[in-house]
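See below for the structure under consideration.
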Amino acid sequence: MHLSEILNHLGETREHYFHAVSPPVIQSSNFAFQTLDEFRLAFTDELQHTVYTRGNNPTVDILRQKLAAMEKAEDCLVFGSGMAAISAAILANASAGSHIVCVNSPYSWTKILLRDYLPRFGVEHTFVDGRSLARIEEAIRPNTSLIYLESPNSLTFELQDLAACAELARRHGIVTCADNSYCSPVFQNPIELGIDIVVHSGTKYINGHSDVVMGVLCTSKAIARKIFEAEYMTLGGILSPHDAALAIRGLRTLELRMQRSDSSGMAIARYLEKHPKVERVLHPLLPSFPQYELAQQQMRGAGGLFSFYLRAERIEQAEMFFAHIRRFLLAVSWGGHESLILPAAAFYKIPGRQNPALPWNLVRLYIGLEEAEWLMEDLESALAVV
Ligand SMILES: *Cc1c(COP(=O)(O)O)cnc(C)c1O
């Protein structure tokens, strides 16, 4: 099905709600039955029947159908945050005594889940350099139950060869999960490359308006059912019908937003790469990127997120740069309409905390929907003071 049909029509059975063009927010916690037999039938399968909104909700269901189709997956579950989706995917493939292989620099809280939280339950992990298939294979043990990938990651953008990882895992009988937030379903579909589970922070591009925190998990019908009956229903980290309606609205323009961020992002990355005050730009689709060929092979675009290293000798010079930025908002997150700047220097000099291993001259930019020229002017005048 064409992406535009998915975003604008799929799952919207308008005859069920007065032929309203925009789907209603079914803001109800529970659903009534006309007969005892219908009630009993619904209890046989809460994934298929609408009983209670922690399980199923008609507004949320429309969103699930669209996201599954976009990721070329059989099914999709949505959650109240990206981390709820990631936790569900990881917990579904872990038990006491099992082992997880994970890339070195996944999203920060994913790392904390594996490194600090899951050991309490006897779940082991190994972090590996995911750029090397050999490193991943070496890390596999007889008790490895999951290989967790994130390609590219959202700060330094290391990639994994997703098709090769999927093939390796299949040979060893191991489940694969990939965080696809960076590319969104518009620019990469890991399931087509053989990955079993795709997760997203829907907070980023999928909702795209910086007003909802949500998570997405796309997979086969069998895995979705297993996760629904365990992590989804027991941990209960669901998305509200109202937030689902906002996300459906956000999806209408997903393709347009991705194209805009991608082309402006590329223009600004190219501009920065030539700038004398910039040491290096990290953007997976710039020819200077170490994994450029792999990026070209498995991604259809990059979106608006990339990083660069300021050419500066002292952190105070970087601080001057940030003090002169006017048009980018100084903030975490990304994927909304607004352009953002996240300096590694923000993690330095935090009272009571050690400085991080990240170099202070690393700067992450997210290019939103504003005019690229207007954003470049801001960078130009701030770089002038470094
Ligand atoms: C933001 C983010 C997450 C976490 O998502 P939340 O919606 O904030 O819970 C996970 N992975 C990546 C790559 C992210 O950028």
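Naming scheme: A, B, ... for chains in displayed order of the structure tokens; residues 1 onward per chain; ligands 1 onward as shown.
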What lies within 6 Å of region 142-144 of chain A using only C-alpha atoms, ignoring chain neighbours under 3 positions off, as a CSV table (one decimal) with N, CA and C atoms, in the first residue's frame?
```csv
chain,number,residue,atom,x,y,z
A,98,SER,N,19.3,-15.4,31.3
A,98,SER,CA,19.5,-15.2,29.8
A,98,SER,C,20.5,-14.0,29.6
A,99,HIS,N,20.9,-13.8,28.4
A,99,HIS,CA,21.9,-12.9,28.1
A,99,HIS,C,21.5,-12.1,26.8
A,100,ILE,N,21.8,-10.8,26.9
A,100,ILE,CA,21.4,-9.9,25.8
A,100,ILE,C,22.7,-9.2,25.2
```
inquiry  = Which residues are near ligand 1 - at most 10 Å, using only C-alpha atoms and all ligand atoms? Format: as a count of residues only.
reply    = 42
task = Looking only at helix (DSSP H, G or I) from DSSP on the backbone, list the matching residues of region 5-51 of chain A as a VMD selection string.
result = chain A and resid 5 to 8 14 to 16 36 to 43
Create the file for the chosen residues now, containing N, CA and C atoms and written as a PDB file, in the first residue's frame.
```pdb
ATOM      1  N   GLU A   5      -1.580   6.556   1.328  1.00  0.00           N
ATOM      2  CA  GLU A   5      -2.870   5.917   1.641  1.00  0.00           C
ATOM      3  C   GLU A   5      -2.882   5.462   3.106  1.00  0.00           C
ATOM      4  N   ILE A   6      -1.748   4.930   3.569  1.00  0.00           N
ATOM      5  CA  ILE A   6      -1.655   4.513   4.975  1.00  0.00           C
ATOM      6  C   ILE A   6      -1.888   5.720   5.887  1.00  0.00           C
ATOM      7  N   LEU A   7      -1.179   6.815   5.598  1.00  0.00           N
ATOM      8  CA  LEU A   7      -1.224   7.983   6.491  1.00  0.00           C
ATOM      9  C   LEU A   7      -2.592   8.668   6.474  1.00  0.00           C
ATOM     10  N   ASN A   8      -3.270   8.637   5.337  1.00  0.00           N
ATOM     11  CA  ASN A   8      -4.519   9.404   5.223  1.00  0.00           C
ATOM     12  C   ASN A   8      -5.799   8.585   5.326  1.00  0.00           C
ATOM     13  N   ARG A  14     -14.864   4.824   8.410  1.00  0.00           N
ATOM     14  CA  ARG A  14     -15.657   6.016   8.751  1.00  0.00           C
ATOM     15  C   ARG A  14     -17.141   5.706   8.918  1.00  0.00           C
ATOM     16  N   GLU A  15     -17.590   4.585   8.278  1.00  0.00           N
ATOM     17  CA  GLU A  15     -19.010   4.254   8.441  1.00  0.00           C
ATOM     18  C   GLU A  15     -19.337   3.864   9.891  1.00  0.00           C
ATOM     19  N   HIS A  16     -18.315   3.573  10.693  1.00  0.00           N
ATOM     20  CA  HIS A  16     -18.547   3.254  12.110  1.00  0.00           C
ATOM     21  C   HIS A  16     -18.759   4.494  12.967  1.00  0.00           C
ATOM     22  N   LEU A  36     -24.591 -11.881  27.457  1.00  0.00           N
ATOM     23  CA  LEU A  36     -23.575 -12.611  28.218  1.00  0.00           C
ATOM     24  C   LEU A  36     -22.666 -13.399  27.276  1.00  0.00           C
ATOM     25  N   ASP A  37     -23.246 -13.934  26.199  1.00  0.00           N
ATOM     26  CA  ASP A  37     -22.441 -14.715  25.253  1.00  0.00           C
ATOM     27  C   ASP A  37     -21.385 -13.848  24.560  1.00  0.00           C
ATOM     28  N   GLU A  38     -21.784 -12.641  24.185  1.00  0.00           N
ATOM     29  CA  GLU A  38     -20.807 -11.731  23.562  1.00  0.00           C
ATOM     30  C   GLU A  38     -19.700 -11.367  24.540  1.00  0.00           C
ATOM     31  N   PHE A  39     -20.099 -11.192  25.787  1.00  0.00           N
ATOM     32  CA  PHE A  39     -19.148 -10.865  26.856  1.00  0.00           C
ATOM     33  C   PHE A  39     -18.132 -12.011  26.996  1.00  0.00           C
ATOM     34  N   ARG A  40     -18.671 -13.228  27.051  1.00  0.00           N
ATOM     35  CA  ARG A  40     -17.795 -14.407  27.185  1.00  0.00           C
ATOM     36  C   ARG A  40     -16.861 -14.530  25.986  1.00  0.00           C
ATOM     37  N   LEU A  41     -17.395 -14.295  24.803  1.00  0.00           N
ATOM     38  CA  LEU A  41     -16.587 -14.407  23.584  1.00  0.00           C
ATOM     39  C   LEU A  41     -15.408 -13.423  23.635  1.00  0.00           C
ATOM     40  N   ALA A  42     -15.694 -12.207  24.095  1.00  0.00           N
ATOM     41  CA  ALA A  42     -14.636 -11.186  24.154  1.00  0.00           C
ATOM     42  C   ALA A  42     -13.506 -11.626  25.076  1.00  0.00           C
ATOM     43  N   PHE A  43     -13.855 -12.292  26.157  1.00  0.00           N
ATOM     44  CA  PHE A  43     -12.817 -12.733  27.103  1.00  0.00           C
ATOM     45  C   PHE A  43     -11.897 -13.810  26.526  1.00  0.00           C
TER      46      PHE A  43
END
```
query = So what do you get for CA of Pro190 (chain A) versus CA of Arg54 (chain A), distance-wise?
reply = 27.8 Å
ask   = If you measure from CA of Glu371 (chain A) to CA of Ala346 (chain A), what distance in Å do you get, rounded to one decimal?
value = 26.1 Å
query = Using only C-alpha atoms, which residues sit within 8 Å of Pro241 (chain A) once same-chain residues fewer than 6 positions away are excluded, as a list in words?
reply = Val25, Ile26, Gln27, Asn57, Thr59 and Val60 of chain A
Would you pick out the contacts of Leu286 (chain A) at 10 Å or less, using only C-alpha atoms, so that residues sharing its chain but fewer than 2 positions from it are not included, and give the list as a CSV table (one decimal) with N, CA, C and O atoms, in the first residue's frame?
```csv
chain,number,residue,atom,x,y,z
A,266,MET,N,20.4,18.1,5.4
A,266,MET,CA,21.6,17.9,4.5
A,266,MET,C,22.2,19.2,4.1
A,266,MET,O,23.4,19.3,4.1
A,269,ALA,N,24.1,20.5,7.1
A,269,ALA,CA,25.3,19.7,7.3
A,269,ALA,C,26.4,20.0,6.3
A,269,ALA,O,27.6,20.1,6.7
A,270,ARG,N,26.1,20.2,5.1
A,270,ARG,CA,27.1,20.5,4.0
A,270,ARG,C,27.7,21.9,4.3
A,270,ARG,O,28.9,22.1,4.2
A,273,GLU,N,30.1,21.5,7.2
A,273,GLU,CA,31.3,20.8,6.9
A,273,GLU,C,32.4,21.7,6.3
A,273,GLU,O,33.5,21.4,6.4
A,281,VAL,N,31.8,17.0,10.8
A,281,VAL,CA,30.3,16.8,10.9
A,281,VAL,C,30.1,15.3,10.9
A,281,VAL,O,30.7,14.6,10.1
A,282,LEU,N,29.1,14.9,11.7
A,282,LEU,CA,28.7,13.5,11.7
A,282,LEU,C,27.3,13.4,11.2
A,282,LEU,O,26.3,13.7,11.9
A,283,HIS,N,27.2,13.0,9.9
A,283,HIS,CA,25.8,12.8,9.3
A,283,HIS,C,25.9,11.6,8.4
A,283,HIS,O,26.8,11.5,7.5
A,284,PRO,N,25.1,10.6,8.7
A,284,PRO,CA,25.3,9.3,8.0
A,284,PRO,C,25.2,9.4,6.4
A,284,PRO,O,25.8,8.5,5.8
A,288,SER,N,31.6,11.9,3.8
A,288,SER,CA,32.7,11.8,4.7
A,288,SER,C,32.4,10.9,5.9
A,288,SER,O,33.3,10.6,6.7
A,289,PHE,N,31.2,10.5,6.0
A,289,PHE,CA,30.8,9.6,7.2
A,289,PHE,C,31.4,8.2,7.0
A,289,PHE,O,31.3,7.6,5.9
A,290,PRO,N,32.1,7.7,8.1
A,290,PRO,CA,32.8,6.4,7.9
A,290,PRO,C,31.9,5.2,7.4
A,290,PRO,O,32.4,4.3,6.7
A,291,GLN,N,30.6,5.3,7.7
A,291,GLN,CA,29.8,4.2,7.2
A,291,GLN,C,28.8,4.6,6.1
A,291,GLN,O,27.7,4.1,6.0
A,292,TYR,N,29.2,5.6,5.3
A,292,TYR,CA,28.4,6.2,4.3
A,292,TYR,C,27.8,5.2,3.4
A,292,TYR,O,26.6,5.2,3.0
A,293,GLU,N,28.6,4.2,2.9
A,293,GLU,CA,28.1,3.2,2.0
A,293,GLU,C,27.0,2.4,2.5
A,293,GLU,O,26.0,2.1,1.9
A,295,ALA,N,25.1,3.2,5.0
A,295,ALA,CA,23.9,4.1,5.2
A,295,ALA,C,23.1,4.2,3.9
A,295,ALA,O,21.9,4.2,3.8
A,296,GLN,N,23.9,4.4,2.8
A,296,GLN,CA,23.2,4.6,1.5
A,296,GLN,C,22.4,3.3,1.1
A,296,GLN,O,21.4,3.4,0.4
A,302,ALA,N,17.9,10.5,5.8
A,302,ALA,CA,18.4,10.6,7.2
A,302,ALA,C,17.6,11.5,8.1
A,302,ALA,O,17.7,11.4,9.3
```
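Using only C-alpha atoms, the contacts of region 247-254 of chain A at a cut-off of 7 Å, with sequence neighbours closer than 4 positions omitted, comprise Leu7, Asn8, Leu63, Ile206, Asn207, Gly208, His209, Asp243 and Met258 of chain A.
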Could you save those same residues with N, CA and C atoms as an mmCIF file, in the first residue's frame?
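The new file result.cif reads:
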```
data_model
loop_
_atom_site.group_PDB
_atom_site.id
_atom_site.type_symbol
_atom_site.label_atom_id
_atom_site.label_comp_id
_atom_site.auth_asym_id
_atom_site.auth_seq_id
_atom_site.Cartn_x
_atom_site.Cartn_y
_atom_site.Cartn_z
ATOM 1 N N LEU A 7 -1.179 6.815 5.598
ATOM 2 C CA LEU A 7 -1.224 7.983 6.491
ATOM 3 C C LEU A 7 -2.592 8.668 6.474
ATOM 4 N N ASN A 8 -3.270 8.637 5.337
ATOM 5 C CA ASN A 8 -4.519 9.404 5.223
ATOM 6 C C ASN A 8 -5.799 8.585 5.326
ATOM 7 N N LEU A 63 -4.380 3.882 14.961
ATOM 8 C CA LEU A 63 -2.951 4.223 14.960
ATOM 9 C C LEU A 63 -2.093 2.969 14.793
ATOM 10 N N ILE A 206 7.277 10.402 14.681
ATOM 11 C CA ILE A 206 5.962 9.818 14.419
ATOM 12 C C ILE A 206 4.844 10.750 14.874
ATOM 13 N N ASN A 207 4.897 11.217 16.117
ATOM 14 C CA ASN A 207 3.926 12.244 16.497
ATOM 15 C C ASN A 207 4.360 13.593 15.896
ATOM 16 N N GLY A 208 5.621 13.923 16.092
ATOM 17 C CA GLY A 208 6.215 15.015 15.319
ATOM 18 C C GLY A 208 5.868 16.439 15.709
ATOM 19 N N HIS A 209 5.132 16.647 16.782
ATOM 20 C CA HIS A 209 4.741 18.010 17.142
ATOM 21 C C HIS A 209 5.135 18.382 18.567
ATOM 22 N N ASP A 243 -4.007 10.856 23.170
ATOM 23 C CA ASP A 243 -2.676 10.945 22.578
ATOM 24 C C ASP A 243 -2.617 10.172 21.252
ATOM 25 N N MET A 258 9.323 14.591 7.103
ATOM 26 C CA MET A 258 10.603 13.884 6.966
ATOM 27 C C MET A 258 11.398 14.434 5.782
#
```
request  = Excluding Leu235 (chain A) and residues on its chain fewer than 3 positions from it, collect all residues at most 9 Å away from it, counting only C-alpha atoms, and give them as a ChimeraX atom specification.
outcome  = /A:84,88,230-232,238
request  = Might you pull out every residue within 12 Å of Lys274 (chain A), with only C-alpha atoms counted and same-chain residues fewer than 6 positions away left off, and present them as a ChimeraX atom specification?
outcome  = /A:267-268,280-281,288,308,380
inquiry  = Just the number, please: distance in Å from CA of Leu217 (chain A) to CA of Ala94 (chain A), one decimal.
reply    =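 It comes out at 16.5 Å.
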request  = Would you please work out which residue, of A:Arg131, A:Phe157, A:Ala69, A:Pro185, is nearest to Ser220 (chain A) when using only C-alpha atoms?
outcome  = A:Ala69
message = My list of candidates is A:Asp196, A:Glu338, A:Glu71, A:Asp378. Which is closest to Leu3 (chain A) when distances are computed with only C-alpha atoms?
response =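 Checking each of A:Asp196, A:Glu338, A:Glu71, A:Asp378 against Leu3 (chain A), counting only C-alpha atoms, the winner is A:Glu71.
Considering only region 171-287 of chain A, backbone DSSP assigns strand (DSSP E or B) to Val175, Thr176, Cys177, Ala178, Asp179, Ile197, Val198, Val199, His200, Ser201, Gly215, Val216, Leu217, Cys218, Thr219, Ile238, Val278, Glu279, Arg280, Val281 and Leu282 of chain A.
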